[in-house]
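Trainee: One structure coming up, written as structure tokens, with questions to follow.
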Amino acid sequence: MGEVLVVLVGNLLTMIDMSELFGGRRRRARAAAFARGSRVSVPCVVRSEELTSGREQRGWIGVGEGPATWRVPGGSPVAFEPGELTMQAVDRQSVTFHAAGGRTELRLHPDEAPLVLRALAG
């Protein structure tokens, strides 16, 4: 009986997406902080001729009080002004936006897209 229980629990644990479980908590915390007026850093991937030399690069967009900024691990924040964004693709893990002219691509989690779009528009 104990072996059956161990196998059952093991199978259930493989079905739980732990990164999504803990990532959801972090996304909700960032959304709440942003709603309170705090500045938050949203993880994303950016491809831009000016910021990333045309390569995809992971980093964070800082939004909230003040202008939006882009920061890579170990780097300093720089201004992030992509202009008008158009949604290109969406799935459970990410939503991709292209800036007018196609020079910038932004990819982030769908739960955080409204927060970032609101900050970039305002």
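Following the order of the structure tokens, chains are lettered A, B, ..., residues in each are numbered from 1, and ligands are numbered from 1.
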Can you list every residue in region 18-101 of chain A that DSSP puts in strand (DSSP E or B), as a ChimeraX atom specification?
Mentor: /A:40-48,56-63,69-71,78-79,85-90,95-99
Trainee: Let me see the file: selected residues, N, CA, C and O atoms, as a CSV table (one decimal), in the first residue's frame.
Mentor:
chain,number,residue,atom,x,y,z
A,40,VAL,N,8.2,48.7,-10.2
A,40,VAL,CA,8.4,47.2,-10.2
A,40,VAL,C,9.3,46.9,-11.4
A,40,VAL,O,9.3,47.6,-12.4
A,41,SER,N,10.0,45.8,-11.3
A,41,SER,CA,10.8,45.3,-12.4
A,41,SER,C,10.1,44.0,-12.9
A,41,SER,O,10.0,43.0,-12.2
A,42,VAL,N,9.7,44.0,-14.2
A,42,VAL,CA,9.0,42.9,-14.8
A,42,VAL,C,10.0,42.1,-15.7
A,42,VAL,O,10.6,42.7,-16.6
A,43,PRO,N,10.2,40.8,-15.5
A,43,PRO,CA,11.1,40.0,-16.3
A,43,PRO,C,10.5,39.9,-17.7
A,43,PRO,O,9.3,39.8,-17.9
A,44,CYS,N,11.4,40.0,-18.7
A,44,CYS,CA,10.9,39.9,-20.1
A,44,CYS,C,12.1,39.6,-21.0
A,44,CYS,O,13.3,39.5,-20.5
A,45,VAL,N,11.9,39.5,-22.3
A,45,VAL,CA,12.9,39.3,-23.3
A,45,VAL,C,12.7,40.5,-24.3
A,45,VAL,O,11.6,40.7,-24.7
A,46,VAL,N,13.8,41.1,-24.6
A,46,VAL,CA,13.7,42.2,-25.6
A,46,VAL,C,14.7,42.0,-26.7
A,46,VAL,O,15.8,41.4,-26.5
A,47,ARG,N,14.3,42.3,-27.9
A,47,ARG,CA,15.2,42.3,-29.1
A,47,ARG,C,15.0,43.6,-29.7
A,47,ARG,O,13.9,44.0,-30.1
A,48,SER,N,16.1,44.4,-29.8
A,48,SER,CA,16.1,45.7,-30.3
A,48,SER,C,17.5,46.1,-30.9
A,48,SER,O,18.5,45.7,-30.4
A,56,GLU,N,18.1,38.6,-29.0
A,56,GLU,CA,17.1,38.5,-27.9
A,56,GLU,C,17.9,38.5,-26.6
A,56,GLU,O,19.0,37.8,-26.5
A,57,GLN,N,17.5,39.2,-25.6
A,57,GLN,CA,18.2,39.3,-24.4
A,57,GLN,C,17.2,39.4,-23.2
A,57,GLN,O,16.2,40.1,-23.3
A,58,ARG,N,17.4,38.5,-22.2
A,58,ARG,CA,16.6,38.5,-21.0
A,58,ARG,C,17.0,39.7,-20.1
A,58,ARG,O,18.1,40.1,-20.1
A,59,GLY,N,16.0,40.3,-19.5
A,59,GLY,CA,16.2,41.4,-18.6
A,59,GLY,C,14.9,41.8,-17.9
A,59,GLY,O,14.0,40.9,-17.7
A,60,TRP,N,14.9,43.0,-17.4
A,60,TRP,CA,13.7,43.5,-16.7
A,60,TRP,C,13.3,44.9,-17.3
A,60,TRP,O,14.2,45.7,-17.5
A,61,ILE,N,12.0,45.1,-17.4
A,61,ILE,CA,11.5,46.5,-17.7
A,61,ILE,C,11.1,47.0,-16.3
A,61,ILE,O,10.3,46.4,-15.6
A,62,GLY,N,11.6,48.2,-16.0
A,62,GLY,CA,11.2,48.9,-14.8
A,62,GLY,C,10.1,49.8,-15.1
A,62,GLY,O,10.2,50.7,-16.0
A,63,VAL,N,8.9,49.7,-14.4
A,63,VAL,CA,7.8,50.5,-14.7
A,63,VAL,C,7.3,51.0,-13.3
A,63,VAL,O,7.5,50.4,-12.3
A,69,THR,N,12.3,51.8,-17.9
A,69,THR,CA,13.7,51.5,-18.2
A,69,THR,C,13.9,50.0,-18.5
A,69,THR,O,13.0,49.2,-18.1
A,70,TRP,N,14.9,49.7,-19.2
A,70,TRP,CA,15.3,48.3,-19.5
A,70,TRP,C,16.7,48.0,-18.8
A,70,TRP,O,17.6,48.9,-18.8
A,71,ARG,N,16.8,46.9,-18.2
A,71,ARG,CA,18.0,46.5,-17.5
A,71,ARG,C,18.3,45.1,-17.7
A,71,ARG,O,17.4,44.2,-17.7
A,78,VAL,N,18.5,51.6,-18.7
A,78,VAL,CA,18.5,52.6,-19.8
A,78,VAL,C,17.1,52.8,-20.2
A,78,VAL,O,16.2,52.0,-19.9
A,79,ALA,N,16.8,54.0,-20.8
A,79,ALA,CA,15.5,54.3,-21.2
A,79,ALA,C,14.9,53.3,-22.1
A,79,ALA,O,15.6,52.8,-23.0
A,85,LEU,N,3.1,49.6,-29.5
A,85,LEU,CA,3.3,48.2,-29.6
A,85,LEU,C,2.0,47.5,-30.2
A,85,LEU,O,0.9,47.8,-29.9
A,86,THR,N,2.3,46.5,-31.0
A,86,THR,CA,1.2,45.7,-31.6
A,86,THR,C,1.5,44.2,-31.2
A,86,THR,O,2.6,43.7,-31.4
A,87,MET,N,0.4,43.5,-30.7
A,87,MET,CA,0.6,42.1,-30.3
A,87,MET,C,0.7,41.3,-31.5
A,87,MET,O,0.0,41.4,-32.5
A,88,GLN,N,1.7,40.4,-31.5
A,88,GLN,CA,2.0,39.5,-32.6
A,88,GLN,C,1.7,38.0,-32.3
A,88,GLN,O,1.2,37.3,-33.2
A,89,ALA,N,1.9,37.6,-31.1
A,89,ALA,CA,1.7,36.2,-30.8
A,89,ALA,C,1.4,36.1,-29.3
A,89,ALA,O,1.9,36.8,-28.5
A,90,VAL,N,0.6,35.0,-28.9
A,90,VAL,CA,0.3,34.8,-27.5
A,90,VAL,C,0.1,33.3,-27.3
A,90,VAL,O,-0.4,32.6,-28.1
A,95,VAL,N,3.6,36.5,-24.3
A,95,VAL,CA,2.9,37.3,-25.3
A,95,VAL,C,4.0,38.2,-26.0
A,95,VAL,O,4.9,38.7,-25.3
A,96,THR,N,4.0,38.3,-27.3
A,96,THR,CA,5.0,39.0,-28.0
A,96,THR,C,4.4,40.2,-28.7
A,96,THR,O,3.4,40.2,-29.3
A,97,PHE,N,5.1,41.3,-28.5
A,97,PHE,CA,4.7,42.6,-29.1
A,97,PHE,C,5.8,43.1,-30.0
A,97,PHE,O,7.0,42.9,-29.7
A,98,HIS,N,5.4,43.7,-31.1
A,98,HIS,CA,6.4,44.4,-32.0
A,98,HIS,C,6.1,45.9,-32.0
A,98,HIS,O,4.9,46.3,-32.0
A,99,ALA,N,7.1,46.7,-32.0
A,99,ALA,CA,7.0,48.1,-32.1
A,99,ALA,C,6.7,48.5,-33.5
A,99,ALA,O,7.1,47.8,-34.4
Trainee: Which value, in Å to one decimal, gives the distance between CA of Gln93 (chain A) and CA of Pro110 (chain A)?
Mentor: 6.9 Å
Trainee: Within 10 Å of Gly83 (chain A), counting only C-alpha atoms, which residues show up once you throw out same-chain ones fewer than 6 positions away? Write them as a PyMOL selection string, please.
Mentor: chain A and resi 98-101+104+120-121
Trainee: Of the candidates A:Glu3, A:Glu50, A:Glu65, A:Asp111, which one gets nearest to Ser38 (chain A) if we count only C-alpha atoms?
Mentor: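 For Ser38 (chain A), the nearest of the given residues is A:Glu65.
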Trainee: Of the candidates A:Ala33, A:Val72, A:Leu51, A:Leu106, which one gets nearest to Glu84 (chain A) if we count only C-alpha atoms?
Mentor: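 Smallest distance to Glu84 (chain A) is found for A:Leu106.
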